[in-house]
Amino acid sequence: MEKSRMNLPKGPDTLCFDKDEFMKVRAGLRARGWPARRCPRGRPRASARGPSAGTALPFAEDFDVDHFVSDCRKRVQLEELRDDLELYYKLLKTAMVELINKDYADFVNLSTNLVGMDKALNQLSVPLGQLREEVLSLRSSVSEGIRAVDERMSKQEDIRKKKMCVLRLIQVIRSVEKIEKILNSESSKETPALEVRSPLLTGQILERIATEFNQLQFHAVQSKGLPLLDKVRPRIAGITAMLQRSLEGLLLEGLQTSDIDIIRHCLRTYATIDKTRDAEALVGQVLVKPYMDQVIIEQIVESRPDGLQTMYKKLLEFVPHHCRLLREVTGGAISSEKGNTVPGYDFLVNSVWPEIVRGLEENLPSLFNPGDPDAFHKKYTISMNFLRTFERQCGSQASVKRLRAHPAYHSFNNKWNLPVYFQIRFREIAGSLEAALTDVLEDAPAGSSFCLLASHRTWSSLQRCWSDAMFLPSLAHRLWRLTLQILARYSVFVNELLLRPISNESAKDIKNPVVTGSKDPSVTQGNSEDQGSGPSESKPAASISSTQLVYVVADLDRLQEQLPELLETIKPKLETIGFKNFSSISAALADSQLSLSACVPPLSSRIVRDLSESCFSYLKSALEVPRLYRRTNKEVPTTASSYVDSALKPFYQLQSGHKDKLKQALIQQWLEDALSESTQKYCETVSDILHSVRKMEESLKRLKQARKTTSPNPGGSGGGMSDDDKIRLQLALDVEYLGEQIQKLGLQSKDIKSFPALTALVAAAKDQATAEQP
């Protein structure tokens, strides 16, 4: 009903505004205390909360008249908006009158219905006051009763607690007297009776005492702090000491006589009084420690090459020989019967292993010394094999987990200073590698698959990281990082080689330069003294030969080919530590291989440029051909010049000297690129020569015509080929011979850039020379 009252009347569908906007106005009026309805005659009625009748009605805070008018003005004109507002106003007024008339009777009868209401209320006030007093009185009585009950319950609880304390104290006294009675009765027996008594009987008596002692301990803990317990405590301490001595003596007797029944009863008694750790500690001190002190002797271990293995073998023999009965009783052996086992013991973990670790730390401290990395690696490997064998003797996975969680286990592993061992190995590998990555590029040793010592040392360093003589599973992550560092260092070294100038000396001549890379201590010392005394002289930059560049490329190819082999060596090593994500390892190695392969193109460019320059240094000798034939009366050329053979000599040396080190396709590509560059320059040179010859020839002809003489051609021999034609013919022969030699190199002359143009150029010159002959 309330919801229907709040709804505004529905107007015509042609209204230009939304009538729900006025609901905000109505909500704002109610929030400010304006009356929601009007009198029947439509006049405003004064309200106790609202303003007077003459005050204008305010709008809600979120209703903006200007915004409303401007929004409607976008759709219709102001006149139409005014008409719609007047129409809807009439509808609202009609709806308001109907609403007031609907509830008018209730408003009129309201005053009539309230006549005599004050007298009725006064008549009810007296009995209500009496009822209130009765309720308060009853409440007070109930509260007093509850308080009395709570006090009695509290007293009862105190009495119960005191009774329990008395009963516990009585039980303590009874247990103490009962245990003392058993002990006194046993001690009062005569000696012959003791001799006749069986060990089994003694074990049963101790079990009775232990059961009673267990109850005694329970009640004594519950009665802690009571004065009477303090008086009985010396008697309890005496019983505890007597029981402890008896159990220790009985356990030792059972171990010495190998009586499994005595051991079972004794261990069950220890478990009953919750002293299993005391039994394990006793076995460790009495049974294990003497044996470990006899076996773990540093002098004996160091006197023999296999002394450590022999010592560990004897330590492993201790369990089957001396702990057989204990394992059968506690269920640690395979042959143990489950019905007769005493649970709760693990002598291998809590008795044997701590004494082994103690003996190794005290009697064999040199075992953990990482000063000698080779000896440390051998000792660590043997010790870890011993540890794995000892874990297999535990008999169950739960026992192995307890062993690995034992503090002595962590102490044993932490004694091995693996970071120091790795640092020593790192210095060895890094020092050896840096000694090879110097300005002096030495050849690799005989039998190596690499050409340079730097490459050989890099590969040997990678292999050494994962060799059995160096690898340790706990250092796998460090060795993998070192592997990537070695590859990155070699890549940087190759990039540094690209900055060196190419020398004209052979690789053997620059193998031992005096200026850079000296390893002589006296030279180093002298240099340091010079630096201290005055400004040091600048050293010339180290150079590299073209042969060494070829060696570097060959070694890069060889190293990239062997990286998959290295990956296959690494995988079994990582599997030992449970690593399975080999895709990341392969990706990282592929990145390193990509870094190495990126060094090949710039090296190839240097080699091609050097070959081209070396070749053209001879081909430019073609400039000397005009001097050889002009005014010399030399015969007509029939063979190519010698400079062509000299120009192609580096190519033959590259092809024949390095065919077993480099891929044939790479060599052919180098030859093709180098010949293309040198041929282009050679073509330009030949073109300049022919152009010069033609200009000289034209100049001589003009001079001859000017003098009008009939003397023979000053540039040639009488009646034969002219000097200019000899020059053209010689160049043609040289180019033809060059093409033949290119074919012998296994290349196609058409694949050499500028060579077809060069051939056409000299062919035209040759035709010109032969055409002028009679």
# chains A, B, ... in the order shown; residues from 1 in each chain; ligands from 1
>>> residues_around(residues="Pro320 (chain A)", least_positions_apart="4", cutoff="10 Å", atoms="only C-alpha atoms", output="list in words")
Leu316, Arg324, Leu325, Arg327, Ala333 and Gln393 of chain A
>>> select_by_dssp(residues="region 405-519 of chain A", states="alpha helix (DSSP H)", output="PyMOL selection string")
chain A and resi 405+407-414+418-436+453-465+476-497
>>> atom_distance(atom1="CA of Cys451 (chain A)", atom2="CA of Pro564 (chain A)")
20.0 Å
>>> atom_distance(atom1="CA of Val492 (chain A)", atom2="CA of Ala476 (chain A)")
24.4 Å
>>> closest_atom_pairs(of="region 268-346 of chain A", to="region 374-387 of chain A", cutoff="10 Å", atoms="only C-alpha atoms", output="Markdown table")
| residue | atom | partner | partner_atom | distance |
| --- | --- | --- | --- | --- |
| A:Leu308 | CA | A:Lys379 | CA | 7.5 |
| A:Gln309 | CA | A:Ile382 | CA | 6.8 |
| A:Tyr312 | CA | A:Phe386 | CA | 6.4 |
| A:Lys313 | CA | A:Phe386 | CA | 8.1 |
| A:Leu315 | CA | A:Phe386 | CA | 9.1 |
| A:Leu316 | CA | A:Phe386 | CA | 8.0 |
>>> write_last_selection(atoms="N, CA, C and O atoms", output="PDB file, in the first residue's frame")
ATOM      1  N   LEU A 308      90.351 -44.905   3.868  1.00  0.00           N
ATOM      2  CA  LEU A 308      89.024 -44.371   4.153  1.00  0.00           C
ATOM      3  C   LEU A 308      87.938 -45.373   3.767  1.00  0.00           C
ATOM      4  O   LEU A 308      86.958 -45.562   4.514  1.00  0.00           O
ATOM      5  N   GLN A 309      88.089 -46.017   2.632  1.00  0.00           N
ATOM      6  CA  GLN A 309      87.104 -47.016   2.223  1.00  0.00           C
ATOM      7  C   GLN A 309      87.084 -48.194   3.186  1.00  0.00           C
ATOM      8  O   GLN A 309      86.014 -48.717   3.528  1.00  0.00           O
ATOM      9  N   TYR A 312      85.195 -47.100   6.364  1.00  0.00           N
ATOM     10  CA  TYR A 312      83.754 -47.073   6.167  1.00  0.00           C
ATOM     11  C   TYR A 312      83.178 -48.488   6.043  1.00  0.00           C
ATOM     12  O   TYR A 312      82.043 -48.746   6.491  1.00  0.00           O
ATOM     13  N   LYS A 313      83.933 -49.377   5.476  1.00  0.00           N
ATOM     14  CA  LYS A 313      83.462 -50.756   5.360  1.00  0.00           C
ATOM     15  C   LYS A 313      83.302 -51.381   6.744  1.00  0.00           C
ATOM     16  O   LYS A 313      82.315 -52.084   7.019  1.00  0.00           O
ATOM     17  N   LEU A 315      82.762 -49.705   9.500  1.00  0.00           N
ATOM     18  CA  LEU A 315      81.634 -49.039  10.159  1.00  0.00           C
ATOM     19  C   LEU A 315      80.310 -49.636   9.713  1.00  0.00           C
ATOM     20  O   LEU A 315      79.376 -49.774  10.517  1.00  0.00           O
ATOM     21  N   LEU A 316      80.207 -49.979   8.441  1.00  0.00           N
ATOM     22  CA  LEU A 316      78.973 -50.592   7.953  1.00  0.00           C
ATOM     23  C   LEU A 316      78.791 -52.008   8.493  1.00  0.00           C
ATOM     24  O   LEU A 316      77.653 -52.481   8.618  1.00  0.00           O
TER      25      LEU A 316
END
>>> residues_around(residues="Ser656 (chain A)", least_positions_apart="5", cutoff="12 Å", atoms="only C-alpha atoms", output="JSON, numbers by chain")
{"A": [649, 650, 651, 661, 662, 664, 667, 668, 745]}
>>> closest_atom_pairs(of="region 369-405 of chain A", to="region 341-361 of chain A", cutoff="10 Å", atoms="only C-alpha atoms", output="JSON lines")
{"residue": "A:Leu387", "atom": "CA", "partner": "A:Trp353", "partner_atom": "CA", "distance": 9.9}
{"residue": "A:Phe390", "atom": "CA", "partner": "A:Trp353", "partner_atom": "CA", "distance": 8.9}
{"residue": "A:Glu391", "atom": "CA", "partner": "A:Leu348", "partner_atom": "CA", "distance": 9.4}
{"residue": "A:Gln393", "atom": "CA", "partner": "A:Leu348", "partner_atom": "CA", "distance": 8.4}
{"residue": "A:Cys394", "atom": "CA", "partner": "A:Leu348", "partner_atom": "CA", "distance": 6.7}
{"residue": "A:Gly395", "atom": "CA", "partner": "A:Leu348", "partner_atom": "CA", "distance": 9.8}
{"residue": "A:Ser399", "atom": "CA", "partner": "A:Asp346", "partner_atom": "CA", "distance": 7.3}
{"residue": "A:Val400", "atom": "CA", "partner": "A:Val349", "partner_atom": "CA", "distance": 8.3}
{"residue": "A:Lys401", "atom": "CA", "partner": "A:Val349", "partner_atom": "CA", "distance": 9.8}
{"residue": "A:Arg402", "atom": "CA", "partner": "A:Val349", "partner_atom": "CA", "distance": 7.0}
{"residue": "A:Leu403", "atom": "CA", "partner": "A:Val349", "partner_atom": "CA", "distance": 5.3}
{"residue": "A:Arg404", "atom": "CA", "partner": "A:Val349", "partner_atom": "CA", "distance": 9.0}
{"residue": "A:Ala405", "atom": "CA", "partner": "A:Val349", "partner_atom": "CA", "distance": 9.7}
>>> write_last_selection(atoms="N, CA and C atoms", output="compact mmCIF listing (two decimals), in the first residue's frame")
# COMPACT_ATOMS: atom_id res chain seq x y z
N LEU A 387 77.26 -42.93 3.16
CA LEU A 387 76.00 -42.44 3.71
C LEU A 387 74.81 -43.10 3.03
N PHE A 390 74.53 -46.60 4.30
CA PHE A 390 74.00 -46.61 5.66
C PHE A 390 72.49 -46.38 5.66
N GLU A 391 72.01 -45.53 4.76
CA GLU A 391 70.57 -45.30 4.67
C GLU A 391 69.84 -46.57 4.24
N GLN A 393 70.62 -49.48 5.11
CA GLN A 393 70.56 -50.37 6.27
C GLN A 393 69.45 -49.99 7.24
N CYS A 394 68.86 -48.79 7.07
CA CYS A 394 67.83 -48.36 8.01
C CYS A 394 66.60 -49.25 7.96
N GLY A 395 66.29 -49.82 6.84
CA GLY A 395 65.22 -50.81 6.77
C GLY A 395 63.86 -50.28 6.39
N SER A 399 62.40 -44.64 8.76
CA SER A 399 63.68 -44.55 9.44
C SER A 399 64.65 -43.65 8.68
N VAL A 400 64.61 -43.73 7.34
CA VAL A 400 65.47 -42.86 6.53
C VAL A 400 65.08 -41.40 6.72
N LYS A 401 63.77 -41.13 6.79
CA LYS A 401 63.33 -39.75 7.01
C LYS A 401 63.79 -39.24 8.37
N ARG A 402 63.70 -40.11 9.39
CA ARG A 402 64.19 -39.70 10.72
C ARG A 402 65.69 -39.45 10.70
N LEU A 403 66.41 -40.27 9.94
CA LEU A 403 67.86 -40.07 9.84
C LEU A 403 68.18 -38.73 9.19
N ARG A 404 67.51 -38.40 8.10
CA ARG A 404 67.80 -37.16 7.39
C ARG A 404 67.35 -35.93 8.17
N ALA A 405 66.43 -36.13 9.12
CA ALA A 405 66.00 -35.01 9.97
C ALA A 405 66.82 -34.90 11.25
>>> atom_distance(atom1="CA of Gln397 (chain A)", atom2="CA of Cys323 (chain A)")
18.9 Å
>>> decode(residues="region 544-581 of chain A", atoms="N, CA, C and O atoms", output="short mmCIF file (atom, residue, chain, number, x, y, z; two decimals), in the first residue's frame")
data_model
loop_
_atom_site.label_atom_id
_atom_site.label_comp_id
_atom_site.auth_asym_id
_atom_site.auth_seq_id
_atom_site.Cartn_x
_atom_site.Cartn_y
_atom_site.Cartn_z
N ILE A 544 97.01 -9.84 -35.13
CA ILE A 544 96.59 -11.21 -35.41
C ILE A 544 96.78 -11.46 -36.89
O ILE A 544 96.59 -10.56 -37.73
N SER A 545 97.17 -12.67 -37.21
CA SER A 545 97.40 -13.01 -38.61
C SER A 545 96.13 -13.57 -39.23
O SER A 545 95.18 -13.98 -38.53
N SER A 546 96.09 -13.58 -40.54
CA SER A 546 94.92 -14.13 -41.23
C SER A 546 94.78 -15.62 -40.96
O SER A 546 93.65 -16.14 -40.87
N THR A 547 95.90 -16.30 -40.82
CA THR A 547 95.83 -17.73 -40.50
C THR A 547 95.19 -17.97 -39.15
O THR A 547 94.38 -18.88 -38.97
N GLN A 548 95.52 -17.12 -38.20
CA GLN A 548 94.91 -17.26 -36.88
C GLN A 548 93.43 -16.94 -36.91
O GLN A 548 92.63 -17.54 -36.17
N LEU A 549 93.02 -16.01 -37.77
CA LEU A 549 91.60 -15.75 -37.92
C LEU A 549 90.87 -16.98 -38.45
O LEU A 549 89.77 -17.31 -38.01
N VAL A 550 91.50 -17.65 -39.39
CA VAL A 550 90.92 -18.88 -39.92
C VAL A 550 90.83 -19.93 -38.82
O VAL A 550 89.82 -20.65 -38.69
N TYR A 551 91.86 -20.00 -37.99
CA TYR A 551 91.84 -20.95 -36.88
C TYR A 551 90.70 -20.64 -35.90
O TYR A 551 90.05 -21.55 -35.38
N VAL A 552 90.48 -19.37 -35.67
CA VAL A 552 89.40 -18.99 -34.75
C VAL A 552 88.05 -19.44 -35.29
O VAL A 552 87.21 -19.98 -34.55
N VAL A 553 87.82 -19.21 -36.58
CA VAL A 553 86.55 -19.64 -37.18
C VAL A 553 86.41 -21.16 -37.12
O VAL A 553 85.33 -21.70 -36.81
N ALA A 554 87.50 -21.87 -37.40
CA ALA A 554 87.46 -23.33 -37.35
C ALA A 554 87.16 -23.82 -35.94
O ALA A 554 86.37 -24.75 -35.73
N ASP A 555 87.76 -23.16 -34.96
CA ASP A 555 87.51 -23.55 -33.56
C ASP A 555 86.08 -23.22 -33.14
O ASP A 555 85.47 -23.97 -32.37
N LEU A 556 85.55 -22.11 -33.62
CA LEU A 556 84.16 -21.78 -33.30
C LEU A 556 83.20 -22.83 -33.85
O LEU A 556 82.26 -23.27 -33.16
N ASP A 557 83.44 -23.25 -35.09
CA ASP A 557 82.59 -24.29 -35.66
C ASP A 557 82.72 -25.60 -34.88
O ASP A 557 81.73 -26.28 -34.61
N ARG A 558 83.95 -25.92 -34.54
CA ARG A 558 84.18 -27.16 -33.80
C ARG A 558 83.54 -27.10 -32.42
O ARG A 558 82.93 -28.09 -31.96
N LEU A 559 83.64 -25.97 -31.75
CA LEU A 559 83.06 -25.83 -30.41
C LEU A 559 81.53 -25.92 -30.47
O LEU A 559 80.90 -26.56 -29.60
N GLN A 560 80.94 -25.32 -31.48
CA GLN A 560 79.48 -25.40 -31.61
C GLN A 560 79.03 -26.83 -31.91
O GLN A 560 77.96 -27.27 -31.47
N GLU A 561 79.83 -27.57 -32.66
CA GLU A 561 79.48 -28.96 -32.94
C GLU A 561 79.56 -29.83 -31.70
O GLU A 561 78.82 -30.81 -31.56
N GLN A 562 80.44 -29.48 -30.76
CA GLN A 562 80.64 -30.31 -29.57
C GLN A 562 79.74 -29.92 -28.40
O GLN A 562 79.72 -30.62 -27.38
N LEU A 563 79.03 -28.80 -28.52
CA LEU A 563 78.13 -28.41 -27.42
C LEU A 563 77.02 -29.43 -27.18
O LEU A 563 76.67 -29.70 -26.02
N PRO A 564 76.39 -30.03 -28.21
CA PRO A 564 75.42 -31.10 -27.92
C PRO A 564 76.04 -32.27 -27.17
O PRO A 564 75.39 -32.89 -26.33
N GLU A 565 77.29 -32.57 -27.48
CA GLU A 565 77.98 -33.63 -26.74
C GLU A 565 78.13 -33.25 -25.26
O GLU A 565 77.98 -34.09 -24.37
N LEU A 566 78.41 -31.97 -25.02
CA LEU A 566 78.50 -31.49 -23.63
C LEU A 566 77.15 -31.62 -22.93
O LEU A 566 77.09 -32.00 -21.75
N LEU A 567 76.07 -31.32 -23.65
CA LEU A 567 74.74 -31.43 -23.06
C LEU A 567 74.43 -32.87 -22.67
O LEU A 567 73.83 -33.12 -21.61
N GLU A 568 74.82 -33.81 -23.49
CA GLU A 568 74.60 -35.22 -23.16
C GLU A 568 75.43 -35.65 -21.96
O GLU A 568 75.06 -36.58 -21.24
N THR A 569 76.56 -34.99 -21.76
CA THR A 569 77.37 -35.29 -20.56
C THR A 569 76.73 -34.69 -19.32
O THR A 569 76.81 -35.26 -18.22
N ILE A 570 76.08 -33.55 -19.46
CA ILE A 570 75.50 -32.85 -18.31
C ILE A 570 74.22 -33.54 -17.84
O ILE A 570 73.97 -33.62 -16.63
N LYS A 571 73.42 -34.03 -18.75
CA LYS A 571 72.11 -34.58 -18.38
C LYS A 571 72.19 -35.68 -17.32
O LYS A 571 71.46 -35.63 -16.32
N PRO A 572 73.05 -36.71 -17.47
CA PRO A 572 73.10 -37.74 -16.41
C PRO A 572 73.53 -37.17 -15.06
O PRO A 572 73.08 -37.66 -14.02
N LYS A 573 74.37 -36.14 -15.10
CA LYS A 573 74.81 -35.55 -13.83
C LYS A 573 73.64 -34.86 -13.13
O LYS A 573 73.49 -34.96 -11.90
N LEU A 574 72.82 -34.17 -13.91
CA LEU A 574 71.68 -33.46 -13.30
C LEU A 574 70.59 -34.43 -12.87
O LEU A 574 69.82 -34.13 -11.95
N GLU A 575 70.49 -35.56 -13.53
CA GLU A 575 69.48 -36.54 -13.13
C GLU A 575 69.76 -37.11 -11.75
O GLU A 575 68.84 -37.53 -11.04
N THR A 576 71.03 -37.12 -11.35
CA THR A 576 71.37 -37.63 -10.02
C THR A 576 70.80 -36.77 -8.91
O THR A 576 70.62 -37.25 -7.78
N ILE A 577 70.52 -35.50 -9.17
CA ILE A 577 69.95 -34.62 -8.15
C ILE A 577 68.44 -34.43 -8.37
O ILE A 577 67.83 -33.58 -7.72
N GLY A 578 67.85 -35.21 -9.30
CA GLY A 578 66.42 -35.14 -9.52
C GLY A 578 65.97 -34.02 -10.43
O GLY A 578 64.79 -33.68 -10.46
N PHE A 579 66.89 -33.43 -11.18
CA PHE A 579 66.53 -32.33 -12.08
C PHE A 579 65.94 -32.91 -13.36
O PHE A 579 66.51 -33.83 -13.97
N LYS A 580 64.78 -32.35 -13.79
CA LYS A 580 64.08 -32.87 -14.96
C LYS A 580 63.84 -31.81 -16.03
O LYS A 580 63.53 -32.16 -17.17
N ASN A 581 63.99 -30.55 -15.71
CA ASN A 581 63.67 -29.48 -16.65
C ASN A 581 64.84 -29.25 -17.61
O ASN A 581 65.54 -28.22 -17.55
#
